[in-house]
There are 2 protein chains.
Amino acid sequence: MAQNKKEEFNQKEINISDFAKAISHPARVAILKEIAKRNGCICGEIVEVLPLAQSTVSQHLKELLKAELIKGEIDGTKSCYCINWKTFEKFEKTFIEFFNKTKSQNQNCC
Amino acid sequence: MAQNKKEEFNQKEINISDFAKAISHPARVAILKEIAKRNGCICGEIVEVLPLAQSTVSQHLKELLKAELIKGEIDGTKSCYCINWKTFEKFEKTFIEFFNKTKSQNQNCC
DNA sequence: TACATTTATCGTATATTTGCGATATACAAT
DNA sequence: ATTGTATATCGCAAATATACGATAAATGTA
């Protein structure tokens, strides 16, 4: 019956999976790259580069905002988006802590 | 009409999003953790720990195998799974290359 | 004021993911 | 041979994600 079981897992697992979900679509990876490259950019510039409709890009931006991978500043009709590096750093730290810690100890499996 | 647009993006974007998709569910993060902790483990041990049915766990394991985050060795009735660290290293490298490169140059946005 | 521009949101169609029970498969033990 | 154990797969239902066009909202410009 596909009920949502997310709340059964611990916060670190959810944090990692939430971040991962945000970059689990190539369009969102491409959007992030574009914003990073341009050091902040407006929605229209992204729409021009991607093979997606404006409304779709806007939705992806909303997802990235929700997961706090980007920050946005609405300035008149133009919205400026830029990378929220703090979230990336936090993910990197958690990711490494979560996986690499156990790695050095255990290498003798299948 | 929700047609699949994945093939319109480049390979690096797809590689990152594929890896991310594999860890975009807390159950799969938890499974990876369990395998890492035990240095390889059998399906039954994971089923005991997670709040999910055996068939669901098996499906998640299949996803992780497909994305090559784990390796599996079927040994009689017991299957031994362990982390495929090579994939993690590759992701880390690509991830850092993809995002951190641009970071140092650009910090003066919104 | 009327019109163009930019972005967000709504409604909707389709695709994919998630989850489970039931069942199949493969082997071990009796 | 039969039974038990461990895991994978199938079939289905429900939930979520993806994508687009149409439209709204907000601002700038003629």
# chains A, B, ... in the order shown; residues from 1 in each chain; ligands from 1

call {"tool": "interface_residues", "arguments": {"of": "chain B", "to": "chain A", "cutoff": "6 Å", "atoms": "only C-alpha atoms", "output": "PDB file with C-alpha atoms, in the first residue's frame"}}
result
ATOM      1  CA  GLU B  13      25.186  15.077 -14.890  1.00  0.00           C
ATOM      2  CA  ILE B  14      23.587  11.671 -15.311  1.00  0.00           C
ATOM      3  CA  SER B  17      22.127  12.049 -10.462  1.00  0.00           C
ATOM      4  CA  ALA B  20      22.314  10.380  -5.832  1.00  0.00           C
ATOM      5  CA  LYS B  21      19.109   8.587  -6.750  1.00  0.00           C
ATOM      6  CA  ILE B  23      20.987   7.064  -1.896  1.00  0.00           C
ATOM      7  CA  SER B  24      17.877   9.243  -2.148  1.00  0.00           C
ATOM      8  CA  HIS B  25      15.838   7.013   0.150  1.00  0.00           C
ATOM      9  CA  PRO B  26      16.535   6.688   3.884  1.00  0.00           C
ATOM     10  CA  VAL B  29      21.143   4.846   3.319  1.00  0.00           C
ATOM     11  CA  ASN B  39      31.720  -5.427   6.699  1.00  0.00           C
ATOM     12  CA  ASN B 106      32.731  32.872  -6.802  1.00  0.00           C
TER      13      ASN B 106
END

call {"tool": "residues_around", "arguments": {"residues": "DT16 (chain C)", "least_positions_apart": "6", "cutoff": "9 Å", "atoms": "only C-alpha atoms (C1' of nucleotides)", "output": "ChimeraX atom specification"}}
result
/D:16-18

call {"tool": "select_by_dssp", "arguments": {"residues": "chain A", "states": "helix (DSSP H, G or I)", "output": "PyMOL selection string"}}
result
chain A and resi 6-8+11-22+26-38+43-49+54-66+85-105

call {"tool": "interface_residues", "arguments": {"of": "chain D", "to": "chain A", "cutoff": "10 Å", "atoms": "only C-alpha atoms (C1' of nucleotides)", "output": "list in words"}}
result
DC12, DA13, DA14, DA15, DT18, DA19, DC20, DG21, DA25, DA26, DT27 and DG28 of chain D

call {"tool": "interface_residues", "arguments": {"of": "chain C", "to": "chain A", "cutoff": "6 Å", "atoms": "only C-alpha atoms (C1' of nucleotides)", "output": "number ranges by chain"}}
result
C: 6, 18-19

call {"tool": "write_last_selection", "arguments": {"atoms": "N, CA and C atoms (P, O5', C5', C4', C3', O3' and C1' of nucleotides)", "output": "short mmCIF file (atom, residue, chain, number, x, y, z; two decimals), in the first residue's frame"}}
result
data_model
loop_
_atom_site.label_atom_id
_atom_site.label_comp_id
_atom_site.auth_asym_id
_atom_site.auth_seq_id
_atom_site.Cartn_x
_atom_site.Cartn_y
_atom_site.Cartn_z
P DT C 6 12.56 39.11 -20.39
"O5'" DT C 6 12.27 38.50 -18.96
"C5'" DT C 6 12.44 39.32 -17.80
"C4'" DT C 6 11.81 38.64 -16.63
"C3'" DT C 6 12.11 37.13 -16.53
"O3'" DT C 6 12.84 36.91 -15.33
"C1'" DT C 6 9.83 37.60 -16.12
P DT C 18 12.17 5.01 -4.33
"O5'" DT C 18 10.95 4.36 -3.55
"C5'" DT C 18 9.97 5.21 -2.99
"C4'" DT C 18 8.88 4.38 -2.35
"C3'" DT C 18 9.38 3.23 -1.47
"O3'" DT C 18 8.88 3.44 -0.17
"C1'" DT C 18 7.63 2.52 -2.92
P DG C 19 9.35 2.55 1.10
"O5'" DG C 19 8.31 1.36 1.09
"C5'" DG C 19 6.96 1.62 1.47
"C4'" DG C 19 6.13 0.40 1.22
"C3'" DG C 19 6.73 -0.88 1.77
"O3'" DG C 19 6.06 -1.23 2.97
"C1'" DG C 19 5.73 -1.16 -0.40
#

call {"tool": "atom_distance", "arguments": {"atom1": "C1' of DT23 (chain D)", "atom2": "C1' of DC10 (chain C)"}}
result
8.0 Å

call {"tool": "residues_around", "arguments": {"residues": "DG4 (chain D)", "least_positions_apart": "2", "cutoff": "10 Å", "atoms": "only C-alpha atoms (C1' of nucleotides)", "output": "list in words"}}
result
DA28, DA29 and DT30 of chain C; DT2 and DA6 of chain D

call {"tool": "write_last_selection", "arguments": {"atoms": "N, CA and C atoms (P, O5', C5', C4', C3', O3' and C1' of nucleotides)", "output": "PDB file, in the first residue's frame"}}
result
ATOM      1  P    DA C  28      23.953 -26.441   0.035  1.00  0.00           P
ATOM      2  O5'  DA C  28      23.540 -26.435   1.566  1.00  0.00           O
ATOM      3  C5'  DA C  28      22.681 -25.426   2.088  1.00  0.00           C
ATOM      4  C4'  DA C  28      22.090 -25.888   3.415  1.00  0.00           C
ATOM      5  C3'  DA C  28      22.729 -27.151   3.978  1.00  0.00           C
ATOM      6  O3'  DA C  28      22.832 -27.028   5.393  1.00  0.00           O
ATOM      7  C1'  DA C  28      20.428 -27.565   3.503  1.00  0.00           C
ATOM      8  P    DA C  29      23.459 -28.195   6.246  1.00  0.00           P
ATOM      9  O5'  DA C  29      22.139 -28.870   6.856  1.00  0.00           O
ATOM     10  C5'  DA C  29      21.157 -28.036   7.450  1.00  0.00           C
ATOM     11  C4'  DA C  29      19.986 -28.879   7.926  1.00  0.00           C
ATOM     12  C3'  DA C  29      20.405 -30.177   8.612  1.00  0.00           C
ATOM     13  O3'  DA C  29      19.544 -30.384   9.726  1.00  0.00           O
ATOM     14  C1'  DA C  29      18.985 -30.676   6.787  1.00  0.00           C
ATOM     15  P    DT C  30      19.919 -31.550  10.792  1.00  0.00           P
ATOM     16  O5'  DT C  30      18.641 -32.495  10.714  1.00  0.00           O
ATOM     17  C5'  DT C  30      17.345 -31.904  10.545  1.00  0.00           C
ATOM     18  C4'  DT C  30      16.344 -32.953  10.085  1.00  0.00           C
ATOM     19  C3'  DT C  30      16.580 -34.335  10.686  1.00  0.00           C
ATOM     20  O3'  DT C  30      15.410 -34.759  11.361  1.00  0.00           O
ATOM     21  C1'  DT C  30      16.282 -34.480   8.329  1.00  0.00           C
TER      22       DT C  30
ATOM     23  P    DT D   2       7.583 -36.734  -1.182  1.00  0.00           P
ATOM     24  O5'  DT D   2       7.912 -35.882   0.119  1.00  0.00           O
ATOM     25  C5'  DT D   2       8.064 -36.577   1.373  1.00  0.00           C
ATOM     26  C4'  DT D   2       8.481 -35.593   2.453  1.00  0.00           C
ATOM     27  C3'  DT D   2       7.742 -34.249   2.438  1.00  0.00           C
ATOM     28  O3'  DT D   2       7.226 -34.012   3.736  1.00  0.00           O
ATOM     29  C1'  DT D   2      10.088 -33.907   2.513  1.00  0.00           C
ATOM     30  P    DA D   6      16.932 -18.498   7.904  1.00  0.00           P
ATOM     31  O5'  DA D   6      17.332 -17.994   6.450  1.00  0.00           O
ATOM     32  C5'  DA D   6      18.507 -18.508   5.829  1.00  0.00           C
ATOM     33  C4'  DA D   6      18.598 -17.914   4.437  1.00  0.00           C
ATOM     34  C3'  DA D   6      18.293 -16.408   4.402  1.00  0.00           C
ATOM     35  O3'  DA D   6      19.320 -15.764   3.669  1.00  0.00           O
ATOM     36  C1'  DA D   6      16.904 -17.579   2.866  1.00  0.00           C
TER      37       DA D   6
END

call {"tool": "atom_distance", "arguments": {"atom1": "CA of Ala67 (chain B)", "atom2": "CA of Thr94 (chain B)"}}
result
15.4 Å

call {"tool": "select_by_dssp", "arguments": {"residues": "region 3-110 of chain A", "states": "strand (DSSP E or B)", "output": "list in words"}}
result
Cys41, Ile42, Ile70, Lys71, Gly72, Glu73, Ile74, Asp75, Lys78, Ser79, Cys80, Tyr81, Cys82 and Ile83 of chain A

call {"tool": "atom_distance", "arguments": {"atom1": "C1' of DT1 (chain C)", "atom2": "C1' of DT29 (chain D)"}}
result
11.8 Å
